[in-house]
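Q: Structure: entry18.cif, mmCIF, C-alpha atoms.
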data_query
loop_
_atom_site.group_PDB
_atom_site.id
_atom_site.type_symbol
_atom_site.label_atom_id
_atom_site.label_comp_id
_atom_site.auth_asym_id
_atom_site.auth_seq_id
_atom_site.Cartn_x
_atom_site.Cartn_y
_atom_site.Cartn_z
ATOM 1 C CA LEU W 241 0.172 -67.540 4.322
ATOM 2 C CA VAL W 242 0.373 -71.131 5.571
ATOM 3 C CA ARG W 243 4.043 -71.385 4.577
ATOM 4 C CA GLU W 244 4.821 -68.131 6.372
ATOM 5 C CA CYS W 245 2.974 -69.280 9.492
ATOM 6 C CA LEU W 246 4.814 -72.604 9.530
ATOM 7 C CA ASN W 247 8.182 -70.869 9.141
ATOM 8 C CA GLU W 248 7.364 -68.440 11.948
ATOM 9 C CA ARG W 249 6.065 -71.268 14.119
ATOM 10 C CA ALA W 250 9.406 -73.029 13.762
ATOM 11 C CA LEU W 251 11.191 -69.839 14.853
ATOM 12 C CA LEU W 252 8.898 -69.369 17.864
ATOM 13 C CA LEU W 253 9.463 -72.931 18.993
ATOM 14 C CA LYS W 254 13.184 -72.126 18.948
ATOM 15 C CA ILE W 255 13.211 -68.634 20.492
ATOM 16 C CA ALA W 256 10.375 -69.077 23.014
ATOM 17 C CA PRO W 257 10.196 -72.776 23.943
ATOM 18 C CA GLN W 258 8.831 -71.924 27.391
ATOM 19 C CA LEU W 259 5.849 -70.145 25.816
ATOM 20 C CA VAL W 260 5.163 -72.020 22.570
ATOM 21 C CA GLN W 261 4.692 -75.792 22.500
ATOM 22 C CA LEU W 262 3.632 -78.265 19.826
ATOM 23 C CA LYS W 263 0.289 -79.936 20.479
ATOM 24 C CA PRO W 264 -1.509 -82.739 18.639
ATOM 25 C CA PHE W 265 -4.604 -81.569 16.738
ATOM 26 C CA HIS W 266 -7.377 -83.991 15.811
ATOM 27 C CA ILE W 267 -9.832 -83.641 12.916
ATOM 28 C CA PRO W 268 -12.707 -86.109 13.273
ATOM 29 C CA VAL W 269 -14.582 -86.899 10.047
ATOM 30 C CA TYR W 270 -18.178 -88.101 10.288
ATOM 31 C CA ARG W 271 -20.671 -89.200 7.658
ATOM 32 C CA HIS W 272 -22.067 -85.668 7.463
ATOM 33 C CA THR W 273 -18.770 -83.744 7.730
ATOM 34 C CA LYS W 274 -18.559 -81.167 4.936
ATOM 35 C CA ARG W 275 -15.030 -82.064 3.812
ATOM 36 C CA ARG W 276 -14.455 -85.666 2.919
ATOM 37 C CA PRO W 277 -11.430 -87.701 4.086
ATOM 38 C CA TRP W 278 -9.703 -87.499 0.701
ATOM 39 C CA GLN W 279 -10.014 -83.686 0.709
ATOM 40 C CA LEU W 280 -8.534 -83.425 4.181
ATOM 41 C CA GLN W 281 -5.748 -85.811 3.245
ATOM 42 C CA VAL W 282 -4.861 -83.617 0.255
ATOM 43 C CA GLY W 283 -4.949 -80.501 2.435
ATOM 44 C CA LEU W 284 -2.803 -82.048 5.158
ATOM 45 C CA SER W 285 -0.350 -83.335 2.549
ATOM 46 C CA LEU W 286 0.054 -79.783 1.235
ATOM 47 C CA TYR W 287 0.455 -78.608 4.836
ATOM 48 C CA ALA W 288 3.291 -81.108 5.266
ATOM 49 C CA LEU W 289 4.944 -80.009 2.013
ATOM 50 C CA LEU W 290 4.706 -76.333 2.965
ATOM 51 C CA GLY W 291 6.288 -77.267 6.295
ATOM 52 C CA GLY W 292 9.248 -78.854 4.519
ATOM 53 C CA LEU W 293 8.104 -82.363 5.498
ATOM 54 C CA GLN W 294 9.463 -81.738 8.979
ATOM 55 C CA PRO W 295 8.098 -83.993 11.752
ATOM 56 C CA ALA W 296 6.076 -81.076 13.157
ATOM 57 C CA ALA W 297 4.218 -80.718 9.840
ATOM 58 C CA ARG W 298 3.381 -84.383 9.234
ATOM 59 C CA PHE W 299 0.045 -86.081 9.878
ATOM 60 C CA ARG W 300 -1.430 -89.529 10.385
ATOM 61 C CA ARG W 301 -4.755 -91.318 10.747
ATOM 62 C CA VAL W 302 -5.568 -92.347 14.302
ATOM 63 C CA PRO W 303 -6.299 -96.112 14.352
ATOM 64 C CA GLN W 304 -9.905 -96.985 15.165
ATOM 65 C CA SER W 305 -8.656 -99.014 18.113
ATOM 66 C CA GLN W 306 -7.535 -95.713 19.729
ATOM 67 C CA TRP W 307 -10.716 -93.696 19.190
ATOM 68 C CA ASN W 308 -12.023 -94.459 22.671
ATOM 69 C CA ASN W 309 -8.944 -92.695 24.094
ATOM 70 C CA LEU W 310 -9.864 -89.346 22.484
ATOM 71 C CA ASP W 311 -11.323 -87.558 25.526
ATOM 72 C CA GLY W 312 -14.822 -88.992 25.078
ATOM 73 C CA LEU W 313 -15.181 -87.903 21.445
ATOM 74 C CA GLU W 314 -18.482 -89.069 19.880
ATOM 75 C CA THR W 315 -17.802 -92.140 17.727
ATOM 76 C CA THR W 316 -21.293 -92.710 16.268
ATOM 77 C CA GLY W 317 -20.995 -92.102 12.528
ATOM 78 C CA LEU W 318 -17.253 -91.431 12.858
ATOM 79 C CA GLN W 319 -15.376 -92.472 9.708
ATOM 80 C CA THR W 320 -11.782 -91.416 10.388
ATOM 81 C CA VAL W 321 -9.672 -89.163 12.613
ATOM 82 C CA PHE W 322 -6.680 -87.255 11.299
ATOM 83 C CA GLN W 323 -3.943 -86.080 13.647
ATOM 84 C CA TYR W 324 -1.459 -83.325 12.855
ATOM 85 C CA TYR W 325 0.579 -80.887 14.953
ATOM 86 C CA ASP W 326 0.348 -77.174 15.573
ATOM 87 C CA ALA W 327 1.521 -74.893 18.365
ATOM 88 C CA GLN W 328 -0.290 -73.350 21.316
ATOM 89 C CA THR W 329 0.698 -70.298 23.349
ATOM 90 C CA ASP W 330 -0.589 -67.873 25.959
ATOM 91 C CA ASP W 331 -1.045 -64.731 23.870
ATOM 92 C CA ALA W 332 -0.711 -62.318 26.799
ATOM 93 C CA ALA W 333 2.461 -63.982 28.084
ATOM 94 C CA LEU W 334 3.995 -64.007 24.606
ATOM 95 C CA THR W 335 3.212 -60.311 24.173
ATOM 96 C CA ARG W 336 4.838 -59.466 27.496
ATOM 97 C CA ALA W 337 7.934 -61.456 26.514
ATOM 98 C CA VAL W 338 8.258 -59.544 23.235
ATOM 99 C CA MET W 339 7.919 -56.242 25.100
ATOM 100 C CA ARG W 340 10.523 -57.172 27.704
ATOM 101 C CA SER W 341 12.985 -58.323 25.069
ATOM 102 C CA ALA W 342 12.528 -55.035 23.202
ATOM 103 C CA GLN W 343 13.136 -53.096 26.412
ATOM 104 C CA GLU W 344 16.364 -55.010 27.030
ATOM 105 C CA LEU W 345 17.540 -53.773 23.616
ATOM 106 C CA GLY W 346 16.739 -50.137 24.445
ATOM 107 C CA ALA W 347 13.100 -49.720 23.403
ATOM 108 C CA GLN W 348 11.080 -47.284 25.505
ATOM 109 C CA LEU W 349 7.495 -48.264 26.324
ATOM 110 C CA ILE W 350 5.004 -45.755 27.731
ATOM 111 C CA MET W 351 1.928 -47.554 29.008
ATOM 112 C CA PRO W 352 -0.844 -47.376 29.826
ATOM 113 C CA ALA W 353 -1.251 -44.277 27.684
ATOM 114 C CA THR W 354 -3.890 -42.877 25.349
ATOM 115 C CA PHE W 355 -2.987 -41.509 21.926
ATOM 116 C CA THR W 356 -4.914 -38.256 21.543
ATOM 117 C CA ALA W 357 -3.536 -36.510 18.421
ATOM 118 C CA ALA W 358 -0.733 -36.229 15.901
ATOM 119 C CA GLN W 359 0.176 -33.348 13.608
ATOM 120 C CA SER W 360 2.097 -34.421 10.508
ATOM 121 C CA HIS W 361 4.864 -32.308 9.009
ATOM 122 C CA ALA W 362 7.575 -32.804 6.414
ATOM 123 C CA GLN W 363 10.027 -34.465 8.841
ATOM 124 C CA GLY W 364 7.548 -36.623 10.746
ATOM 125 C CA SER W 365 4.878 -35.966 13.368
ATOM 126 C CA ILE W 366 4.288 -34.303 16.697
ATOM 127 C CA VAL W 367 2.451 -36.873 18.813
ATOM 128 C CA GLU W 368 0.294 -36.068 21.842
ATOM 129 C CA TYR W 369 -0.805 -38.641 24.404
ATOM 130 C CA ARG W 370 -2.249 -38.862 27.911
ATOM 131 C CA HIS W 371 -0.081 -40.578 30.522
ATOM 132 C CA ASN W 372 -0.520 -40.553 34.308
ATOM 133 C CA GLY W 373 -3.251 -37.934 33.986
ATOM 134 C CA LYS W 374 -1.091 -35.494 32.025
ATOM 135 C CA THR W 375 -0.878 -34.582 28.336
ATOM 136 C CA GLU W 376 2.611 -35.192 26.966
ATOM 137 C CA SER W 377 4.147 -34.951 23.510
ATOM 138 C CA CYS W 378 7.053 -36.278 21.483
ATOM 139 C CA ASN W 379 8.466 -36.034 17.973
ATOM 140 C CA ALA W 380 8.365 -39.080 15.703
ATOM 141 C CA SER W 381 10.115 -39.676 12.385
ATOM 142 C CA VAL W 382 7.432 -42.196 11.474
ATOM 143 C CA LEU W 383 4.126 -43.423 12.885
ATOM 144 C CA VAL W 384 3.097 -47.072 12.830
ATOM 145 C CA ASN W 385 -0.580 -47.485 13.564
ATOM 146 C CA ALA W 386 -1.006 -50.960 15.051
ATOM 147 C CA GLY W 387 -4.323 -50.119 16.685
ATOM 148 C CA GLY W 388 -6.036 -53.352 15.681
ATOM 149 C CA PRO W 389 -9.804 -52.774 15.810
ATOM 150 C CA TRP W 390 -9.106 -49.178 16.849
ATOM 151 C CA ALA W 391 -6.986 -48.475 13.733
ATOM 152 C CA GLN W 392 -9.561 -46.161 12.134
ATOM 153 C CA GLN W 393 -10.021 -44.211 15.380
ATOM 154 C CA VAL W 394 -6.251 -43.702 15.533
ATOM 155 C CA LEU W 395 -6.240 -42.366 11.950
ATOM 156 C CA SER W 396 -9.130 -39.997 12.752
ATOM 157 C CA ARG W 397 -6.895 -38.251 15.335
ATOM 158 C CA ILE W 398 -4.144 -37.454 12.825
ATOM 159 C CA THR W 399 -4.048 -34.202 10.844
ATOM 160 C CA PRO W 400 -4.006 -33.661 7.945
ATOM 161 C CA ALA W 401 -6.466 -36.563 7.557
ATOM 162 C CA PRO W 402 -4.721 -39.657 6.119
ATOM 163 C CA THR W 403 -6.300 -42.223 3.811
ATOM 164 C CA GLN W 404 -8.026 -45.301 5.228
ATOM 165 C CA ARG W 405 -8.844 -48.813 4.016
ATOM 166 C CA ASN W 406 -12.397 -50.136 4.186
ATOM 167 C CA ILE W 407 -12.510 -52.825 6.864
ATOM 168 C CA ASP W 408 -14.985 -54.955 8.768
ATOM 169 C CA LEU W 409 -14.708 -55.806 12.440
ATOM 170 C CA VAL W 410 -15.552 -59.453 13.068
ATOM 171 C CA GLN W 411 -16.442 -60.523 16.589
ATOM 172 C CA GLY W 412 -15.192 -63.823 17.970
ATOM 173 C CA THR W 413 -16.113 -65.335 21.323
ATOM 174 C CA HIS W 414 -14.553 -68.139 23.394
ATOM 175 C CA ILE W 415 -15.939 -69.917 26.425
ATOM 176 C CA VAL W 416 -14.163 -71.878 29.151
ATOM 177 C CA VAL W 417 -16.013 -74.820 30.742
ATOM 178 C CA PRO W 418 -15.050 -77.439 33.352
ATOM 179 C CA GLY W 419 -13.415 -80.596 32.098
ATOM 180 C CA LYS W 420 -9.886 -81.567 31.213
ATOM 181 C CA LEU W 421 -8.670 -82.727 27.800
ATOM 182 C CA THR W 422 -5.569 -84.913 27.812
ATOM 183 C CA GLN W 423 -5.069 -85.921 24.181
ATOM 184 C CA GLY W 424 -4.683 -82.529 22.539
ATOM 185 C CA ILE W 425 -6.874 -80.147 20.556
ATOM 186 C CA TYR W 426 -9.906 -80.932 18.410
ATOM 187 C CA TYR W 427 -10.837 -79.202 15.148
ATOM 188 C CA VAL W 428 -14.573 -79.797 14.570
ATOM 189 C CA GLU W 429 -17.400 -78.476 12.390
ATOM 190 C CA ALA W 430 -20.239 -76.625 14.081
ATOM 191 C CA PRO W 431 -23.363 -78.699 13.372
ATOM 192 C CA THR W 432 -25.466 -75.662 12.436
ATOM 193 C CA ASP W 433 -23.320 -73.848 9.858
ATOM 194 C CA ARG W 434 -20.255 -76.116 9.312
ATOM 195 C CA ARG W 435 -17.793 -73.498 10.538
ATOM 196 C CA ALA W 436 -14.555 -74.631 12.156
ATOM 197 C CA VAL W 437 -14.546 -74.594 15.959
ATOM 198 C CA PHE W 438 -11.662 -75.591 18.221
ATOM 199 C CA VAL W 439 -12.024 -77.489 21.492
ATOM 200 C CA MET W 440 -8.792 -77.336 23.455
ATOM 201 C CA PRO W 441 -7.229 -77.763 26.895
ATOM 202 C CA TRP W 442 -6.790 -74.484 28.736
ATOM 203 C CA LYS W 443 -5.387 -74.229 32.257
ATOM 204 C CA ASP W 444 -6.916 -77.519 33.459
ATOM 205 C CA ASN W 445 -10.259 -76.711 31.841
ATOM 206 C CA THR W 446 -11.642 -76.719 28.287
ATOM 207 C CA LEU W 447 -11.743 -73.731 25.956
ATOM 208 C CA VAL W 448 -14.151 -73.656 22.995
ATOM 209 C CA GLY W 449 -14.146 -71.113 20.162
ATOM 210 C CA THR W 450 -14.596 -69.174 18.136
ATOM 211 C CA THR W 451 -17.597 -67.464 16.569
ATOM 212 C CA GLU W 452 -17.681 -64.959 13.711
ATOM 213 C CA SER W 453 -20.164 -62.134 13.233
ATOM 214 C CA ILE W 454 -19.844 -58.593 11.880
ATOM 215 C CA TYR W 455 -19.510 -56.088 14.715
ATOM 216 C CA HIS W 456 -20.683 -52.469 14.709
ATOM 217 C CA GLY W 457 -19.903 -50.033 17.472
ATOM 218 C CA ASP W 458 -17.146 -49.116 19.910
ATOM 219 C CA PRO W 459 -14.426 -51.831 19.947
ATOM 220 C CA GLY W 460 -14.083 -51.272 23.675
ATOM 221 C CA GLU W 461 -17.661 -52.415 24.235
ATOM 222 C CA VAL W 462 -17.349 -55.861 22.622
ATOM 223 C CA LYS W 463 -18.631 -58.657 24.847
ATOM 224 C CA PRO W 464 -19.697 -62.298 24.476
ATOM 225 C CA LEU W 465 -23.312 -62.586 23.351
ATOM 226 C CA PRO W 466 -25.766 -65.157 24.765
ATOM 227 C CA GLN W 467 -26.386 -66.651 21.317
ATOM 228 C CA GLU W 468 -22.633 -67.099 20.784
ATOM 229 C CA GLN W 469 -22.256 -68.921 24.080
ATOM 230 C CA ALA W 470 -25.216 -71.158 23.226
ATOM 231 C CA TYR W 471 -23.695 -71.891 19.791
ATOM 232 C CA LEU W 472 -20.391 -72.974 21.329
ATOM 233 C CA LEU W 473 -22.070 -75.086 24.026
ATOM 234 C CA GLN W 474 -24.158 -76.804 21.341
ATOM 235 C CA THR W 475 -21.063 -77.553 19.260
ATOM 236 C CA LEU W 476 -19.181 -78.896 22.285
ATOM 237 C CA ALA W 477 -22.082 -81.167 23.295
ATOM 238 C CA HIS W 478 -22.507 -82.445 19.744
ATOM 239 C CA TYR W 479 -18.983 -83.912 19.708
ATOM 240 C CA PHE W 480 -18.416 -84.619 23.406
ATOM 241 C CA PRO W 481 -21.480 -86.324 24.938
ATOM 242 C CA GLN W 482 -20.201 -85.886 28.493
ATOM 243 C CA HIS W 483 -20.848 -82.153 28.087
ATOM 244 C CA ARG W 484 -24.517 -82.521 27.094
ATOM 245 C CA GLY W 485 -26.563 -80.428 29.475
ATOM 246 C CA GLN W 486 -23.454 -78.369 30.293
ATOM 247 C CA GLN W 487 -24.435 -74.857 31.384
ATOM 248 C CA ASN W 488 -21.589 -74.036 33.745
ATOM 249 C CA ILE W 489 -19.418 -71.523 31.895
ATOM 250 C CA LEU W 490 -16.357 -70.558 33.932
ATOM 251 C CA ALA W 491 -15.187 -67.675 31.774
ATOM 252 C CA THR W 492 -15.882 -65.955 28.469
ATOM 253 C CA THR W 493 -13.790 -63.727 26.225
ATOM 254 C CA ALA W 494 -14.641 -61.726 23.128
ATOM 255 C CA GLY W 495 -12.342 -60.038 20.645
ATOM 256 C CA LEU W 496 -12.402 -58.391 17.248
ATOM 257 C CA ARG W 497 -10.629 -59.450 14.085
ATOM 258 C CA VAL W 498 -9.900 -56.855 11.379
ATOM 259 C CA LEU W 499 -10.738 -58.113 7.871
ATOM 260 C CA PRO W 500 -11.001 -56.373 4.480
ATOM 261 C CA ALA W 501 -14.556 -55.146 3.839
ATOM 262 C CA ASP W 502 -16.454 -57.638 1.692
ATOM 263 C CA GLU W 503 -19.931 -58.978 1.089
ATOM 264 C CA GLY W 504 -18.900 -62.593 1.686
ATOM 265 C CA ALA W 505 -19.032 -64.584 4.906
ATOM 266 C CA ALA W 506 -16.353 -63.620 7.409
ATOM 267 C CA PHE W 507 -15.019 -67.179 7.637
ATOM 268 C CA SER W 508 -14.211 -67.283 3.898
ATOM 269 C CA ARG W 509 -12.226 -64.043 3.728
ATOM 270 C CA SER W 510 -8.483 -63.612 3.397
ATOM 271 C CA ARG W 511 -6.397 -63.526 6.589
ATOM 272 C CA GLU W 512 -3.490 -61.694 4.949
ATOM 273 C CA THR W 513 -1.911 -58.837 6.878
ATOM 274 C CA ILE W 514 -2.345 -55.522 5.042
ATOM 275 C CA LEU W 515 0.370 -52.874 5.398
ATOM 276 C CA HIS W 516 -1.215 -49.611 4.279
ATOM 277 C CA LEU W 517 1.413 -46.918 3.632
ATOM 278 C CA ASP W 518 -0.358 -43.604 3.252
ATOM 279 C CA ARG W 519 0.424 -42.242 -0.230
ATOM 280 C CA SER W 520 -1.984 -39.334 -0.507
ATOM 281 C CA ASP W 521 -0.938 -36.288 -2.504
ATOM 282 C CA HIS W 522 -0.034 -34.367 0.647
ATOM 283 C CA PRO W 523 3.769 -34.628 1.191
ATOM 284 C CA ASN W 524 3.339 -34.820 4.968
ATOM 285 C CA HIS W 525 1.792 -38.291 4.723
ATOM 286 C CA ALA W 526 4.852 -40.262 3.620
ATOM 287 C CA ARG W 527 5.696 -41.371 7.160
ATOM 288 C CA LEU W 528 2.544 -43.171 8.287
ATOM 289 C CA LEU W 529 1.893 -46.909 8.017
ATOM 290 C CA THR W 530 -1.209 -48.717 9.274
ATOM 291 C CA VAL W 531 -1.280 -52.451 10.003
ATOM 292 C CA TYR W 532 -4.661 -54.015 9.212
ATOM 293 C CA GLY W 533 -5.374 -57.548 10.356
ATOM 294 C CA GLY W 534 -2.652 -60.087 10.978
ATOM 295 C CA LYS W 535 -2.040 -63.275 12.917
ATOM 296 C CA LEU W 536 -0.306 -63.667 16.246
ATOM 297 C CA THR W 537 1.883 -66.385 14.711
ATOM 298 C CA THR W 538 3.391 -63.945 12.200
ATOM 299 C CA TYR W 539 3.863 -60.931 14.491
ATOM 300 C CA ARG W 540 7.660 -61.025 14.022
ATOM 301 C CA LEU W 541 7.487 -61.235 10.225
ATOM 302 C CA THR W 542 4.938 -58.414 10.136
ATOM 303 C CA ALA W 543 7.262 -56.185 12.177
ATOM 304 C CA GLU W 544 10.166 -57.072 9.891
ATOM 305 C CA ARG W 545 8.124 -56.061 6.845
ATOM 306 C CA VAL W 546 6.977 -52.830 8.475
ATOM 307 C CA VAL W 547 10.585 -51.795 9.092
ATOM 308 C CA ALA W 548 11.519 -52.725 5.512
ATOM 309 C CA ARG W 549 8.663 -50.617 4.108
ATOM 310 C CA LEU W 550 9.767 -47.641 6.207
ATOM 311 C CA ALA W 551 13.511 -48.039 5.601
ATOM 312 C CA GLY W 552 13.643 -44.993 3.348
ATOM 313 C CA VAL W 553 12.594 -42.599 6.125
ATOM 314 C CA LEU W 554 14.120 -44.319 9.157
ATOM 315 C CA PRO W 555 17.562 -43.177 10.367
ATOM 316 C CA ARG W 556 20.403 -45.567 9.571
ATOM 317 C CA ARG W 557 21.371 -47.727 12.523
ATOM 318 C CA LYS W 558 23.714 -50.627 13.081
ATOM 319 C CA ALA W 559 21.751 -53.824 13.673
ATOM 320 C CA ILE W 560 21.996 -54.955 17.313
ATOM 321 C CA ALA W 561 19.896 -58.124 17.133
ATOM 322 C CA ASP W 562 18.322 -60.597 14.726
ATOM 323 C CA THR W 563 14.747 -61.381 15.767
ATOM 324 C CA ARG W 564 15.026 -64.760 14.033
ATOM 325 C CA GLU W 565 17.645 -65.722 16.634
ATOM 326 C CA LEU W 566 16.882 -63.529 19.659
ATOM 327 C CA ARG W 567 15.531 -65.574 22.564
ATOM 328 C CA LEU W 568 12.469 -63.998 24.168
ATOM 329 C CA VAL W 569 12.801 -63.106 27.839
#
Please, can you express the file's structure as structure tokens?

A:
Amino acid sequence: LVRECLNERALLLKIAPQLVQLKPFHIPVYRHTKRRPWQLQVGLSLYALLGGLQPAARFRRVPQSQWNNLDGLETTGLQTVFQYYDAQTDDAALTRAVMRSAQELGAQLIMPATFTAAQSHAQGSIVEYRHNGKTESCNASVLVNAGGPWAQQVLSRITPAPTQRNIDLVQGTHIVVPGKLTQGIYYVEAPTDRRAVFVMPWKDNTLVGTTESIYHGDPGEVKPLPQEQAYLLQTLAHYFPQHRGQQNILATTAGLRVLPADEGAAFSRSRETILHLDRSDHPNHARLLTVYGGKLTTYRLTAERVVARLAGVLPRRKAIADTRELRLV
């Protein structure tokens, strides 16, 4: 997964340089940090190898003489600071760019719209949806369910009923607080449970996240919880003393991650994207694929794999673009 993400990151830096930029990431290691310096050095060395030893995948130790330049990072008990590089983007802007590029190649987007039903048959599906207050329909050779946390609700509106994977919805919250970071992004351990939390610059302020807790209920009702905000403020203050006593939260966001159902902690589960091609005994179900999970970084590779899995039922077409080369609008 790391190799795939690094390969896709390199492509995004090439095809969307205005939206995706490399940023320095810092991992401070204290006396009580769970992972010791030698473990992190091994991990970062593997990261560099998986990245083909390219400059963007290499790392270094920040000299102690430069620690006071790290945005006010707490230095009491600090043993070492690793620096490596990763990329940052605006997820909404990147999504819009992908959509616009698809439209320039002839894709038709109908939005906002609500999927209400689909009736499968031997040649595909009849799809119904609500758009501009009216119910409309279309025929589809295949259906790709990329509903994210709503994936199961989408499947429940298809007849005959398709198979489903068991999943958990994991809530994650971010907060935005005043204060500007100038040296990059910080990868720290929450003092209470040793989870990874990022502290990063965001539009001239500071963004902190994320949390992880199993979510039950309507995905549309997810919202940041007071205990999550307190957890993130506590983590921020632990590593950046200038934020101690900070209560001024400028903005909050909450989202849901789709992970395979498991008894283990959410943070320790696989992040692999699952492509579930319905293979029930009913012949009408050969044209439905559901995407469970996934990472924004690998959106292009996921789409490429979806098309490959569905190649047998898609009409033959001459390729008009290579998404590994196509610049995003």

Q: Running the PyMOL selection byres ((chain W and resi 468-479) around 7) on this model by hand, what would come out? Give it as a PyMOL selection string.

A: chain W and resi 313-314+413+415+430-431+448-449+451+464-467+480-481+483-484

Q: Just write the chosen residues, C-alpha atoms, as a short mmCIF file (atom, residue, chain, number, x, y, z; two decimals), keeping the file's coordinate frame.

A:
data_model
loop_
_atom_site.label_atom_id
_atom_site.label_comp_id
_atom_site.auth_asym_id
_atom_site.auth_seq_id
_atom_site.Cartn_x
_atom_site.Cartn_y
_atom_site.Cartn_z
CA LEU W 313 -15.18 -87.90 21.44
CA GLU W 314 -18.48 -89.07 19.88
CA THR W 413 -16.11 -65.33 21.32
CA ILE W 415 -15.94 -69.92 26.42
CA ALA W 430 -20.24 -76.62 14.08
CA PRO W 431 -23.36 -78.70 13.37
CA VAL W 448 -14.15 -73.66 23.00
CA GLY W 449 -14.15 -71.11 20.16
CA THR W 451 -17.60 -67.46 16.57
CA PRO W 464 -19.70 -62.30 24.48
CA LEU W 465 -23.31 -62.59 23.35
CA PRO W 466 -25.77 -65.16 24.76
CA GLN W 467 -26.39 -66.65 21.32
CA PHE W 480 -18.42 -84.62 23.41
CA PRO W 481 -21.48 -86.32 24.94
CA HIS W 483 -20.85 -82.15 28.09
CA ARG W 484 -24.52 -82.52 27.09
#

Q: Starting from the displayed file, determine the output of the PyMOL selection byres ((chain W and resi 372) around 12) and express the residue list as a VMD selection string.

A: chain W and resid 350 to 354 369 to 371 373 to 376

Q: Could you tell me how far CA of Gln281 (chain W) sits from CA of Arg298 (chain W), in Å to one decimal place?

A: 11.0 Å

Q: For Gly419 (chain W), which residue out of W:Leu568, W:Leu490, W:Leu284, W:Val437 is the nearest one, using all atoms listed in the file?

A: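 Checking each of W:Leu568, W:Leu490, W:Leu284, W:Val437 against Gly419 (chain W), counting all atoms listed in the file, the winner is W:Leu490.
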
Q: Would you mind telling me which residue in W:Gly495, W:Gly283, W:Pro268, W:Gly534 lies nearest to Pro303 (chain W) when using all atoms listed in the file?

A: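 Nearest to Pro303 (chain W): W:Pro268.
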
Q: Figure out the distance between CA of Asn385 (chain W) and CA of Asp502 (chain W), please, to one decimal in Å.

A: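 Distance reported for this atom pair: 22.3 Å.
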
Q: Could you check how far CA of Gln319 (chain W) sits from CA of His266 (chain W), in Å to one decimal?

A: 13.2 Å

Q: Within 12 Å of Leu290 (chain W), counting only C-alpha atoms, which residues qualify if same-chain residues fewer than 6 places away don't, as a list in words?

A: Leu241, Val242, Arg243, Glu244, Cys245, Leu246, Asn247, Gly283, Leu284, Ala296, Ala297 and Arg298 of chain W

Q: Can you list, as a ChimeraX atom specification, the residues that the PyMOL selection byres ((chain W and resi 361-368) around 8) selects here?

A: /W:355-360,369-370,375-383,523-525,527

Q: Let me have the centre and edge lengths of the axis-aligned box enclosing all listed atoms of region 470-489 of chain W with 6 Å padding on every side, in Å to one decimal, as AutoDock Vina command-line options.

A:
--center_x -22.5 --center_y -78.7 --center_z 26.5 --size_x 20.1 --size_y 27.2 --size_z 26.5

Q: Of the candidates W:Leu409, W:Leu515, W:Val321, W:Leu421, which one gets nearest to Pro500 (chain W) if we count all atoms listed in the file?

A: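 Once distances to Pro500 (chain W) are computed over all atoms listed in the file, the minimum belongs to W:Leu409.
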
Q: Of the candidates W:Thr450, W:Thr537, W:Gln343, W:Thr542, which one gets nearest to Leu496 (chain W) if we count all atoms listed in the file?

A: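 Ranking W:Thr450, W:Thr537, W:Gln343, W:Thr542 by distance to Leu496 (chain W), first place goes to W:Thr450.
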
Q: Between W:Ala347, W:Val417, W:Ile425, W:Leu536, which one has atoms that come closest to Leu262 (chain W), using all atoms listed in the file?

A: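 Residue with the minimum atom-to-atom distance to Leu262 (chain W): W:Ile425.
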
Q: Excluding Lys443 (chain W) and its own-chain neighbours fewer than 3 positions away, which residues fall within 10 Å of it when counting only C-alpha atoms? Please give them as a PyMOL selection string.

A: chain W and resi 416+420+440+446-447

Q: Which is closest to Leu251 (chain W) among W:Tyr270, W:Ala327, W:Val410, W:Ser396, if we use only C-alpha atoms?

A: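 Nearest to Leu251 (chain W): W:Ala327.
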
Q: Please list, as a list in words, the residues that have an atom at most 7 Å away from (5.1, -73.1, 16.2) in the coordinates of this file, counting all atoms listed in the file.

A: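 The distance filter leaves exactly Leu246, Glu248, Arg249, Ala250, Leu252, Leu253, Val260, Gln261, Leu262, Asp326 and Ala327 of chain W.
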
Q: Anything within 10 Å of (-5.3, -61.3, 3.4): list those residues as a JSON list (two decimals) with C-alpha atoms, keeping the file's coordinate frame, counting all atoms listed in the file and sticking to the file's coordinates.

A:
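The result, stored in point-v3.json:
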[["chain", "number", "residue", "atom", "x", "y", "z"],
["W", 241, "LEU", "CA", 0.17, -67.54, 4.32],
["W", 499, "LEU", "CA", -10.74, -58.11, 7.87],
["W", 500, "PRO", "CA", -11.00, -56.37, 4.48],
["W", 509, "ARG", "CA", -12.23, -64.04, 3.73],
["W", 510, "SER", "CA", -8.48, -63.61, 3.40],
["W", 511, "ARG", "CA", -6.40, -63.53, 6.59],
["W", 512, "GLU", "CA", -3.49, -61.69, 4.95],
["W", 513, "THR", "CA", -1.91, -58.84, 6.88],
["W", 514, "ILE", "CA", -2.35, -55.52, 5.04],
["W", 532, "TYR", "CA", -4.66, -54.02, 9.21],
["W", 533, "GLY", "CA", -5.37, -57.55, 10.36],
["W", 534, "GLY", "CA", -2.65, -60.09, 10.98]]
